[in-house]
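Have a look at the structure below before the remarks.
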Amino acid sequence: MNISIAGYSFHGALADRVIDVFGYLELCRYRYHLDTADLWFGVLGPEPDVYLQPEFLAKVKQAMVERGLTLVNYHADGCHVWEDDADRRAEHRRLAERHIAAAEYLGAKTVRIDSGGRERHWSTQQMDVLSETYREWARRAADGGYRIGPETHWGTSNFTDDMLALHEAVDHPGYGILLHVGKTDFDVADPDAYDRRLAPIACHTHVDARNTMTRAESVMRILHDAGYQGALGVEHHSAVNEHREVEVQLAVIRRALARVTQELPEAGPSCNPLLSPRDNTAPSTA
């Protein structure tokens with residue numbers, strides 16, 4: 001599994017205008033030593049009529065090429081599929097498809113467009129609109145060599161039964177979800193169980209600081225056991241000390257991934273890395 005850093009992790013720095021998309025790409029490659037980018041639309045800029053223009057996107061693409069970065073995910077807010085008002089739905093769809101076109105141009109491996117809906121379950125009408133829209137986009141994605149779908153992000157999309165039902169209704173290999181790991185809902189009170197239910201349909205992930213610090217190895221094992229093939233998207237939310245906080249999360253995820261995939265033993269508190277394995281062995285009590 002590759003590791004990436006979701007662009008939202010630097011939303012504080014972006015708001016303070018001390019970083020932009022090119023600074024973000026520089027961080028990914030040269031500070032964090034990654035070969036991936038994970039673009040949140042807000043990293044590109046505040047105005048879609050500026051950052052979705054071909055001239056600007058060409059600069060972003062060239063910057064990724066120069067740094068040897070693969071775009072593992074492109075995720076956009078404010079263009080979710082369902083809105084109660086039909087005109088708003090149409091407006092959102094137009095914007096979503098502009099984002100999809102940008103993601104395709106930049107070579108994204110996965111794309112996240114939220115579902116919308118705030119009730120416990122989607123209505124029949126909502127499910128029809130959602131499944132038809134995602135199926136159409138999934139066909140397009142499959143033709144383009146990527147996958148597309150919503151995130152377990154807000155509203156109805158946080159519930160495992162609804163997301164599984166939508167996956168079944170779309171029924172296309174070009175569809176997959178962005179799993180924001182470690183959530184719970186009314187039916188699933190255990191974050192491990194939540195992740196186990198949804199990991200098989202995930203094509204990308206977000207791993208926040210709480211889950212990183214409390215259950216990183218559990219998350220890695222669940223994804224590994226599910227045969228997950230996407231990237232591990234480190235995501236930070238505090239908007240404070242972001243560069244170093246992301247560095248810490250990244251180190252923890254790297255360690256957890258190594259332990260799970262290489263079946264490394266737990267490193268106890270008495271383990272001295274300067275000593276040989278034999279010297280670190282606990283004394284015999286025989």
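Going through the structure tokens in order, the chains are called A, B, and so on, while each chain numbers its residues from 1 and the ligands are numbered from 1 in the order shown.
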To test your reading of the structure, identify every residue in stretch 37-281 of chain A that backbone DSSP assigns to strand (DSSP E), and report it as a compact mmCIF listing (two decimals) with C-alpha atoms, in the first residue's frame.
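Output file result_23.txt follows:
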# COMPACT_ATOMS: atom_id res chain seq x y z
CA ALA A 37 -0.09 13.46 -4.24
CA ASP A 38 -3.60 13.50 -2.76
CA LEU A 39 -5.29 16.68 -3.95
CA TRP A 40 -8.11 18.30 -2.03
CA THR A 70 1.34 10.08 -8.91
CA LEU A 71 -2.06 11.57 -8.07
CA VAL A 72 -3.69 8.81 -6.00
CA ASN A 73 -6.84 10.80 -5.22
CA TYR A 74 -8.63 14.01 -6.18
CA HIS A 75 -11.43 15.04 -3.83
CA ALA A 76 -13.76 18.01 -4.17
CA THR A 110 -9.35 7.70 -7.67
CA VAL A 111 -11.86 10.55 -7.45
CA ARG A 112 -14.15 11.45 -4.56
CA ILE A 113 -17.40 13.35 -5.12
CA ARG A 147 -12.35 4.67 -9.83
CA ILE A 148 -14.88 7.14 -8.46
CA GLY A 149 -17.33 7.35 -5.58
CA ILE A 177 -15.69 4.60 -1.84
CA LEU A 178 -13.23 6.78 0.03
CA LEU A 179 -13.27 5.21 3.49
CA HIS A 180 -12.65 7.71 6.28
CA ALA A 202 -12.87 1.11 -0.58
CA CYS A 203 -10.61 2.50 -3.29
CA HIS A 204 -8.99 5.21 -1.14
CA THR A 205 -8.77 6.05 2.57
CA HIS A 206 -8.40 8.93 4.98
CA VAL A 207 -6.73 8.19 8.31
CA LEU A 232 -3.35 5.26 2.82
CA GLY A 233 -4.31 8.92 2.93
CA VAL A 234 -2.93 10.61 6.04
Task: Selection near A:Ser238, 12 Å with only C-alpha atoms, sequence-local residues under 5 positions removed, as an MDAnalysis selection string - done: chainID A and resid 8:13 208:210 243:246
Task: Shortest interatomic distance to A:Gln262 - which of A:His224, A:Asp185, A:Phe56, A:Pro150, counting only C-alpha atoms - done: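 Residue with the minimum atom-to-atom distance to A:Gln262: A:His224.
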Counting only C-alpha atoms, what is within 8 Å of A:Glu217, bar same-chain residues fewer than 5 positions away, as a short mmCIF file (atom, residue, chain, number, x, y, z; two decimals) with N, CA and C atoms, in the first residue's frame?
data_model
loop_
_atom_site.label_atom_id
_atom_site.label_comp_id
_atom_site.auth_asym_id
_atom_site.auth_seq_id
_atom_site.Cartn_x
_atom_site.Cartn_y
_atom_site.Cartn_z
N ILE A 253 2.00 5.82 10.76
CA ILE A 253 1.39 4.99 9.72
C ILE A 253 2.45 4.13 9.04
N ALA A 256 3.27 1.29 11.44
CA ALA A 256 2.18 0.32 11.53
C ALA A 256 2.08 -0.52 10.28
N LEU A 257 2.24 0.10 9.13
CA LEU A 257 2.16 -0.63 7.86
C LEU A 257 3.29 -1.65 7.77
N ARG A 259 4.83 -3.12 10.26
CA ARG A 259 4.58 -4.21 11.21
C ARG A 259 3.56 -5.20 10.67
N VAL A 260 2.54 -4.68 10.03
CA VAL A 260 1.47 -5.56 9.54
C VAL A 260 1.91 -6.32 8.30
#
TODO: For each of A:Thr160, A:Tyr105, A:Gly145, A:Leu223, take the minimum atom-to-atom distance to A:Ala58, counting only C-alpha atoms, then give the residue where this is smallest.
DONE: A:Tyr105
- [ ] Determine which residues of stretch 158-211 of chain A receive a DSSP assignment of alpha helix (DSSP H), computed from the backbone, and state them as a ChimeraX atom specification.
- [x] /A:160-170,191-198,209-211
Keeping C-alpha atoms, export the residues of the selection given above as a PDB file, in the first residue's frame.
ATOM      1  CA  THR A 160     -22.373   1.475   6.637  1.00  0.00           C
ATOM      2  CA  ASP A 161     -25.694  -0.048   5.591  1.00  0.00           C
ATOM      3  CA  ASP A 162     -26.467   2.899   3.313  1.00  0.00           C
ATOM      4  CA  MET A 163     -23.028   2.851   1.709  1.00  0.00           C
ATOM      5  CA  LEU A 164     -23.238  -0.894   1.122  1.00  0.00           C
ATOM      6  CA  ALA A 165     -26.703  -0.498  -0.390  1.00  0.00           C
ATOM      7  CA  LEU A 166     -25.456   2.242  -2.720  1.00  0.00           C
ATOM      8  CA  HIS A 167     -22.509   0.089  -3.771  1.00  0.00           C
ATOM      9  CA  GLU A 168     -24.884  -2.740  -4.622  1.00  0.00           C
ATOM     10  CA  ALA A 169     -27.179  -0.393  -6.541  1.00  0.00           C
ATOM     11  CA  VAL A 170     -24.352   1.117  -8.618  1.00  0.00           C
ATOM     12  CA  PRO A 191     -14.625   1.351  14.735  1.00  0.00           C
ATOM     13  CA  ASP A 192     -12.938  -1.950  13.803  1.00  0.00           C
ATOM     14  CA  ALA A 193     -16.298  -3.401  12.794  1.00  0.00           C
ATOM     15  CA  TYR A 194     -17.106  -0.223  10.852  1.00  0.00           C
ATOM     16  CA  ASP A 195     -13.904  -0.502   8.866  1.00  0.00           C
ATOM     17  CA  ARG A 196     -14.292  -4.241   8.283  1.00  0.00           C
ATOM     18  CA  ARG A 197     -17.736  -3.718   6.740  1.00  0.00           C
ATOM     19  CA  LEU A 198     -16.550  -1.053   4.315  1.00  0.00           C
ATOM     20  CA  ALA A 209      -4.926  11.841  13.817  1.00  0.00           C
ATOM     21  CA  ARG A 210      -7.244  10.126  16.299  1.00  0.00           C
ATOM     22  CA  ASN A 211      -7.232   6.845  14.421  1.00  0.00           C
TER      23      ASN A 211
END
Do you have, as a tab-separated table, the list of residues of stretch 103-190 of chain A lying at most 8 Å from stretch 81-95 of chain A, each with its nearest atom pair and that distance in Å to one decimal, counting only C-alpha atoms and ordered by chain then number?
residue	atom	partner	partner_atom	distance
A:Ile113	CA	A:Val81	CA	7.5
A:Asp114	CA	A:Val81	CA	6.5
A:Ser115	CA	A:Val81	CA	5.0
A:Gly116	CA	A:Trp82	CA	4.7
A:Gly117	CA	A:Trp82	CA	6.0
A:Gln126	CA	A:Trp82	CA	6.8
A:Val129	CA	A:Trp82	CA	7.5
A:Leu130	CA	A:Val81	CA	6.6
A:Thr133	CA	A:Val81	CA	7.7
Output C-alpha atoms of each residue in that selection to a file, as a PDB file, in the first residue's frame.
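part_36.pdb was written with the following content:
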ATOM      1  CA  ILE A 113     -17.400  13.350  -5.118  1.00  0.00           C
ATOM      2  CA  ASP A 114     -19.680  13.304  -2.062  1.00  0.00           C
ATOM      3  CA  SER A 115     -23.152  11.826  -2.160  1.00  0.00           C
ATOM      4  CA  GLY A 116     -25.176  14.368  -0.172  1.00  0.00           C
ATOM      5  CA  GLY A 117     -28.252  13.625   1.899  1.00  0.00           C
ATOM      6  CA  GLN A 126     -32.366   9.865  -3.658  1.00  0.00           C
ATOM      7  CA  VAL A 129     -30.443   9.659  -8.500  1.00  0.00           C
ATOM      8  CA  LEU A 130     -27.300   8.631  -6.643  1.00  0.00           C
ATOM      9  CA  THR A 133     -25.196   9.284 -11.396  1.00  0.00           C
TER      10      THR A 133
END
- [ ] Show which residues sit within 10 Å of A:Gln53, as a list in words. Count only C-alpha atoms, and ignore same-chain residues fewer than 4 positions away.
- [x]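 The contact residues come out as Pro48, Asp49, Leu57, Ala58, Arg98 and Ala102 of chain A.
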Could you save the residues just selected, with N, CA and C atoms, as a PDB file, in the first residue's frame?
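Result file is out11.pdb:
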ATOM      1  N   PRO A  48     -12.836  28.247  -8.488  1.00  0.00           N
ATOM      2  CA  PRO A  48     -12.794  27.216  -9.527  1.00  0.00           C
ATOM      3  C   PRO A  48     -12.648  27.771 -10.935  1.00  0.00           C
ATOM      4  N   ASP A  49     -13.141  28.991 -11.176  1.00  0.00           N
ATOM      5  CA  ASP A  49     -12.999  29.559 -12.510  1.00  0.00           C
ATOM      6  C   ASP A  49     -11.556  29.931 -12.824  1.00  0.00           C
ATOM      7  N   LEU A  57      -4.094  24.137 -14.670  1.00  0.00           N
ATOM      8  CA  LEU A  57      -3.956  22.699 -14.470  1.00  0.00           C
ATOM      9  C   LEU A  57      -2.704  22.156 -15.162  1.00  0.00           C
ATOM     10  N   ALA A  58      -2.336  22.746 -16.290  1.00  0.00           N
ATOM     11  CA  ALA A  58      -1.119  22.317 -16.976  1.00  0.00           C
ATOM     12  C   ALA A  58       0.108  22.568 -16.102  1.00  0.00           C
ATOM     13  N   ARG A  98     -16.747  19.185 -13.929  1.00  0.00           N
ATOM     14  CA  ARG A  98     -15.537  19.973 -14.173  1.00  0.00           C
ATOM     15  C   ARG A  98     -14.390  19.437 -13.315  1.00  0.00           C
ATOM     16  N   ALA A 102     -10.874  17.642 -14.528  1.00  0.00           N
ATOM     17  CA  ALA A 102      -9.568  18.068 -14.019  1.00  0.00           C
ATOM     18  C   ALA A 102      -8.798  16.880 -13.459  1.00  0.00           C
TER      19      ALA A 102
END
- [ ] May I ask which of the residues A:Tyr30, A:Phe41, A:Trp154, A:Tyr175 is the closest one to A:Ala6, counting only C-alpha atoms?
- [x] A:Phe41
- [ ] Could you tell me which of A:Met213, A:Ile201, A:Ile100, A:Met127 comes closest to A:Gly230 if we count only C-alpha atoms?
- [x]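 Looking at the shortest contact to A:Gly230, the residue is A:Ile201.
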Task: d(atom CA of A:Arg31, atom CA of A:Met64) in Å - done: 14.9 Å
- [ ] Kindly indicate which residue among A:Tyr32, A:Phe22, A:Tyr134, A:Phe186 lies nearest to A:Leu44, using only C-alpha atoms for the distances.
- [x]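 Of A:Tyr32, A:Phe22, A:Tyr134, A:Phe186, the one nearest A:Leu44 is A:Phe22, counting only C-alpha atoms.
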